[in-house]
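Participant: Quick one, input-v9.cif (mmCIF, C-alpha atoms):
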```cif
data_work
loop_
_atom_site.label_atom_id
_atom_site.label_comp_id
_atom_site.auth_asym_id
_atom_site.auth_seq_id
_atom_site.Cartn_x
_atom_site.Cartn_y
_atom_site.Cartn_z
CA MET A 1 18.80 18.14 9.40
CA GLN A 2 15.35 17.41 10.73
CA VAL A 3 12.30 17.88 8.53
CA THR A 4 9.00 18.86 10.11
CA LEU A 5 5.65 18.63 8.45
CA ASP A 6 2.90 21.18 8.76
CA GLN A 7 0.22 19.05 10.44
CA SER A 8 -2.55 21.42 9.30
CA ALA A 9 -1.65 20.70 5.65
CA MET A 10 -2.03 16.94 6.09
CA PRO A 11 -5.32 15.30 5.18
CA PRO A 12 -7.28 14.14 8.22
CA GLY A 13 -6.70 10.54 9.16
CA ILE A 14 -3.43 10.08 7.28
CA ASP A 15 -1.61 9.32 10.54
CA ASP A 16 -4.15 6.62 11.36
CA LEU A 17 -3.88 5.16 7.86
CA TYR A 18 -0.11 5.04 8.13
CA SER A 19 -0.14 3.54 11.62
CA SER A 20 -2.59 0.80 10.77
CA HIS A 21 -1.43 -0.07 7.24
CA HIS A 22 2.29 0.69 6.82
CA ALA A 23 3.26 -2.93 7.57
CA ILE A 24 0.89 -4.22 4.87
CA VAL A 25 2.29 -1.77 2.32
CA PHE A 26 5.88 -2.66 3.21
CA ALA A 27 5.20 -6.42 3.08
CA ALA A 28 3.45 -6.21 -0.29
CA ALA A 29 6.30 -4.14 -1.72
CA TYR A 30 8.95 -6.45 -0.27
CA ARG A 31 7.32 -9.52 -1.78
CA VAL A 32 7.50 -7.96 -5.22
CA THR A 33 10.92 -6.32 -4.98
CA GLY A 34 12.64 -8.76 -2.62
CA ASN A 35 14.63 -5.87 -1.23
CA ALA A 36 13.97 -4.04 2.06
CA SER A 37 15.41 -0.75 0.83
CA ASP A 38 13.21 -0.77 -2.26
CA ALA A 39 10.20 -1.76 -0.15
CA GLU A 40 10.81 1.25 2.10
CA ASP A 41 11.03 3.49 -0.94
CA VAL A 42 7.71 2.08 -2.14
CA LEU A 43 6.18 2.61 1.31
CA HIS A 44 7.19 6.26 1.24
CA THR A 45 6.06 6.68 -2.36
CA VAL A 46 2.61 5.25 -1.62
CA PHE A 47 2.01 7.56 1.34
CA LEU A 48 3.45 10.60 -0.44
CA ARG A 49 1.05 9.96 -3.30
CA LEU A 50 -1.74 9.65 -0.77
CA LEU A 51 -0.78 13.04 0.67
CA LYS A 52 -0.98 14.57 -2.80
CA ARG A 53 -4.49 13.21 -3.41
CA ASP A 54 -7.51 15.45 -3.17
CA SER A 55 -8.41 15.21 0.52
CA SER A 56 -12.11 15.17 -0.33
CA GLU A 57 -11.73 11.80 -2.08
CA GLN A 58 -12.78 9.06 0.31
CA ILE A 59 -11.03 5.69 0.18
CA ASP A 60 -13.69 3.04 0.68
CA HIS A 61 -11.39 0.10 1.40
CA PRO A 62 -8.05 1.48 2.62
CA GLU A 63 -6.30 -1.87 3.06
CA GLY A 64 -7.09 -3.02 -0.47
CA TYR A 65 -6.32 0.40 -1.93
CA LEU A 66 -2.95 0.64 -0.17
CA ARG A 67 -2.01 -2.95 -1.02
CA ARG A 68 -2.78 -2.30 -4.69
CA ALA A 69 -0.83 0.95 -4.60
CA ALA A 70 2.14 -0.89 -3.06
CA VAL A 71 2.06 -3.65 -5.67
CA ASN A 72 1.86 -1.15 -8.52
CA ALA A 73 4.65 1.04 -7.14
CA ALA A 74 6.82 -2.04 -6.51
CA LEU A 75 6.23 -3.25 -10.06
CA ASP A 76 7.33 0.19 -11.26
CA VAL A 77 10.57 -0.25 -9.31
CA VAL A 78 11.16 -3.72 -10.79
CA ARG A 79 10.39 -2.46 -14.31
CA ALA A 80 12.69 0.54 -13.92
CA ARG A 81 15.70 -1.58 -13.14
CA ARG A 82 14.71 -4.66 -15.12
CA PRO A 83 17.91 -4.98 -17.18
CA GLU A 84 20.23 -5.03 -14.19
CA SER A 85 17.74 -6.38 -11.69
CA ASP A 86 19.01 -8.88 -9.16
CA VAL A 87 15.90 -8.98 -6.98
CA VAL A 88 14.82 -12.31 -5.53
CA LEU A 89 11.11 -13.01 -5.38
CA GLU A 90 10.77 -14.15 -1.78
CA ARG A 91 7.24 -15.54 -1.83
CA MET A 92 5.76 -17.71 -4.48
CA PRO A 93 3.30 -20.57 -4.34
CA SER A 94 5.02 -23.51 -2.70
CA LYS A 95 5.03 -25.66 -5.86
CA ALA A 96 6.57 -22.90 -7.97
CA ARG A 97 9.03 -21.96 -5.23
CA SER A 98 10.21 -25.53 -4.72
CA ALA A 99 10.59 -26.00 -8.48
CA LEU A 100 12.78 -22.89 -8.69
CA GLU A 101 14.78 -23.85 -5.62
CA SER A 102 15.37 -27.37 -6.89
CA LEU A 103 16.77 -25.92 -10.09
CA GLY A 104 18.99 -23.59 -8.07
CA ASN A 105 19.01 -21.22 -11.01
CA ASP A 106 19.36 -17.51 -10.25
CA ASP A 107 19.05 -16.79 -13.96
CA LEU A 108 15.61 -18.39 -13.99
CA ARG A 109 14.51 -16.12 -11.13
CA ARG A 110 15.89 -13.10 -12.94
CA GLN A 111 14.08 -14.14 -16.12
CA LEU A 112 10.83 -14.63 -14.22
CA ARG A 113 11.11 -11.13 -12.76
CA ALA A 114 11.80 -9.70 -16.21
CA ALA A 115 8.81 -11.59 -17.62
CA LEU A 116 6.58 -10.32 -14.80
CA ALA A 117 7.60 -6.76 -15.65
CA THR A 118 6.29 -7.25 -19.22
CA LEU A 119 2.74 -7.96 -18.08
CA PRO A 120 0.10 -5.24 -18.35
CA GLU A 121 -0.39 -3.44 -15.04
CA LYS A 122 -3.71 -5.08 -14.13
CA ALA A 123 -2.45 -8.57 -15.03
CA ALA A 124 0.74 -8.09 -13.00
CA GLU A 125 -1.28 -6.81 -10.07
CA VAL A 126 -3.66 -9.79 -10.16
CA PHE A 127 -0.75 -12.23 -10.55
CA VAL A 128 1.15 -10.73 -7.61
CA LEU A 129 -1.92 -10.70 -5.38
CA ARG A 130 -2.68 -14.32 -6.23
CA HIS A 131 0.78 -15.85 -6.18
CA PHE A 132 2.87 -13.62 -3.92
CA GLU A 133 0.19 -12.40 -1.52
CA GLU A 134 -1.62 -15.76 -1.74
CA ARG A 135 -5.03 -14.11 -2.02
CA GLY A 136 -8.00 -16.04 -3.33
CA ASN A 137 -9.75 -15.11 -6.58
CA LEU A 138 -12.86 -13.90 -4.73
CA GLU A 139 -10.79 -11.68 -2.44
CA ILE A 140 -8.86 -10.28 -5.42
CA ALA A 141 -12.11 -9.61 -7.25
CA LYS A 142 -13.44 -7.61 -4.31
CA MET A 143 -10.17 -5.71 -3.88
CA LEU A 144 -9.93 -4.75 -7.55
CA GLY A 145 -13.61 -4.31 -8.33
CA MET A 146 -13.59 -7.21 -10.77
CA THR A 147 -15.67 -10.34 -11.14
CA GLN A 148 -14.26 -13.66 -10.01
CA VAL A 149 -14.39 -14.82 -13.63
CA GLY A 150 -12.48 -11.70 -14.67
CA VAL A 151 -9.77 -12.51 -12.13
CA ALA A 152 -9.54 -16.10 -13.36
CA VAL A 153 -9.29 -15.01 -17.00
CA THR A 154 -6.67 -12.38 -16.16
CA LEU A 155 -4.63 -14.96 -14.23
CA HIS A 156 -4.83 -17.44 -17.09
CA ARG A 157 -3.66 -14.84 -19.60
CA ALA A 158 -0.90 -13.65 -17.27
CA ARG A 159 0.40 -17.19 -16.78
CA LYS A 160 0.30 -17.80 -20.53
CA LYS A 161 2.22 -14.58 -21.23
CA LEU A 162 4.76 -15.43 -18.54
CA GLN A 163 5.25 -18.90 -20.04
CA ASP A 164 5.69 -17.39 -23.51
CA GLU A 165 8.20 -14.84 -22.21
CA LEU A 166 10.18 -17.53 -20.38
CA ARG A 167 10.20 -19.78 -23.44
CA LYS A 168 11.72 -16.93 -25.48
CA THR A 169 14.69 -17.07 -23.13
CA GLY A 170 15.00 -20.84 -23.48
CA VAL A 171 13.36 -21.70 -20.15
CA ARG A 172 10.76 -24.46 -20.19
CA PRO A 173 8.25 -23.53 -17.47
#
```
What is this file in structure tokens?

Facilitator:
Amino acid sequence: MQVTLDQSAMPPGIDDLYSSHHAIVFAAAYRVTGNASDAEDVLHTVFLRLLKRDSSEQIDHPEGYLRRAAVNAALDVVRARRPESDVVLERMPSKARSALESLGNDDLRRQLRAALATLPEKAAEVFVLRHFEERGNLEIAKMLGMTQVGVAVTLHRARKKLQDELRKTGVRP
């Protein structure tokens, strides 16, 4: 069965947005979920939500907006399946990644994902952009409409909460 969309009902420019940004949305979602199927679901979710938006609302910075939307939707996926999650976080800062790999501990990765899902939405978003997307604090501040100091404080608090959550499970980060 083939589904066709009424092109007249689509907001203007949505095709261009999809063409130029779908890879960014998919990559951001994949880095959070570690699963191509989930990343595709997130990609579709983000653009379906965009279709449902009021077409008169202008998106000032589409790349940042779509990346944020992908991160948030991907975090929703991780949170929804947190208890049985077996997602591998593919990209982390090299020091953190090598520490995890040297331990060879899948449970530690699972616990880190679970801890990430406990963060408030803004903190999780900042953490993912900084450590998975490897964005700088200034770039994150611009993307999220925050100050650089606000980003730094949010990252500090997120790291502290992640450490506390991991310690509860007996992991010494």

Participant: Expand the PyMOL selection byres ((chain A and resi 43-46) around 8) into the explicit residue set it covers here, and present it as a ChimeraX atom specification.

Facilitator: /A:22,25-26,29,39-42,47-50,66,69-70,73

Participant: From the set A:Gln58, A:Ser20, A:Gln163, A:Asn137, which residue has the shortest atom-to-atom contact distance to Leu116 of chain A, counting all atoms listed in the file?

Facilitator: A:Gln163

Participant: Which of these, A:Glu139, A:Glu121, A:Asp15, A:Glu165, has the shortest distance to Leu51 of chain A once you count all atoms listed in the file?

Facilitator: A:Asp15

Participant: Up to 12 Å from (-11.3, -15.1, -14.8) in the file's coordinates: name the residues, counting all atoms listed in the file, as a CSV table (one decimal) with C-alpha atoms, keeping the file's coordinate frame.

Facilitator:
```
chain,number,residue,atom,x,y,z
A,123,ALA,CA,-2.4,-8.6,-15.0
A,126,VAL,CA,-3.7,-9.8,-10.2
A,127,PHE,CA,-0.8,-12.2,-10.6
A,136,GLY,CA,-8.0,-16.0,-3.3
A,137,ASN,CA,-9.8,-15.1,-6.6
A,138,LEU,CA,-12.9,-13.9,-4.7
A,140,ILE,CA,-8.9,-10.3,-5.4
A,141,ALA,CA,-12.1,-9.6,-7.2
A,146,MET,CA,-13.6,-7.2,-10.8
A,147,THR,CA,-15.7,-10.3,-11.1
A,148,GLN,CA,-14.3,-13.7,-10.0
A,149,VAL,CA,-14.4,-14.8,-13.6
A,150,GLY,CA,-12.5,-11.7,-14.7
A,151,VAL,CA,-9.8,-12.5,-12.1
A,152,ALA,CA,-9.5,-16.1,-13.4
A,153,VAL,CA,-9.3,-15.0,-17.0
A,154,THR,CA,-6.7,-12.4,-16.2
A,155,LEU,CA,-4.6,-15.0,-14.2
A,156,HIS,CA,-4.8,-17.4,-17.1
A,157,ARG,CA,-3.7,-14.8,-19.6
A,158,ALA,CA,-0.9,-13.6,-17.3
```

Participant: Rounded to one decimal place, report the atom CA of Arg81 of chain A-atom CA of Leu144 of chain A distance in Å.

Facilitator: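 About the pair atom CA of Arg81 of chain A and atom CA of Leu144 of chain A: they are 26.4 Å apart.
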
Participant: How many Å lie between atom CA of Val78 of chain A and atom CA of Phe132 of chain A, rounded to one decimal?

Facilitator: 14.6 Å

Participant: For atom CA of Arg31 of chain A and atom CA of Glu133 of chain A, determine how far apart the two atoms are, in Å to one decimal place.

Facilitator: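 For atom CA of Arg31 of chain A relative to atom CA of Glu133 of chain A, the distance reads 7.7 Å.
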
Participant: I need the residue nearest Arg130 of chain A from this list: A:Ser19, A:Gln111, A:Arg159, A:Asp76. Use all atoms listed in the file for the distance.

Facilitator: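 The shortest atom-to-atom distance to Arg130 of chain A comes from A:Arg159.
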
Participant: Give me, as a ChimeraX atom specification, all polymer residues having an atom no more than 12 Å from His61 of chain A, counting all atoms listed in the file and skipping those fewer than 5 positions away in the same chain.

Facilitator: /A:17,21,66-68,142-145

Participant: Add whatever atoms are absent from segment 27-38 of chain A to reach N, CA and C atoms, and provide the output as a compact mmCIF listing (two decimals), in the coordinates of the input.

Facilitator:
```txt
# COMPACT_ATOMS: atom_id res chain seq x y z
N ALA A 27 5.15 -4.98 3.39
CA ALA A 27 5.20 -6.42 3.08
C ALA A 27 4.86 -6.69 1.62
N ALA A 28 3.82 -6.02 1.11
CA ALA A 28 3.45 -6.21 -0.29
C ALA A 28 4.58 -5.77 -1.21
N ALA A 29 5.19 -4.64 -0.90
CA ALA A 29 6.30 -4.14 -1.72
C ALA A 29 7.51 -5.06 -1.63
N TYR A 30 7.79 -5.57 -0.44
CA TYR A 30 8.95 -6.45 -0.27
C TYR A 30 8.77 -7.75 -1.04
N ARG A 31 7.57 -8.27 -1.06
CA ARG A 31 7.32 -9.52 -1.78
C ARG A 31 7.55 -9.36 -3.28
N VAL A 32 7.29 -8.19 -3.79
CA VAL A 32 7.50 -7.96 -5.22
C VAL A 32 8.96 -7.63 -5.51
N THR A 33 9.56 -6.76 -4.70
CA THR A 33 10.92 -6.32 -4.98
C THR A 33 11.98 -7.24 -4.40
N GLY A 34 11.66 -7.89 -3.28
CA GLY A 34 12.64 -8.76 -2.62
C GLY A 34 13.75 -8.00 -1.95
N ASN A 35 13.57 -6.72 -1.74
CA ASN A 35 14.63 -5.87 -1.23
C ASN A 35 14.02 -4.89 -0.22
N ALA A 36 14.53 -4.88 1.01
CA ALA A 36 13.97 -4.04 2.06
C ALA A 36 14.09 -2.55 1.74
N SER A 37 15.20 -2.16 1.17
CA SER A 37 15.41 -0.75 0.83
C SER A 37 14.40 -0.29 -0.22
N ASP A 38 14.20 -1.11 -1.24
CA ASP A 38 13.21 -0.77 -2.26
C ASP A 38 11.80 -0.77 -1.68
```
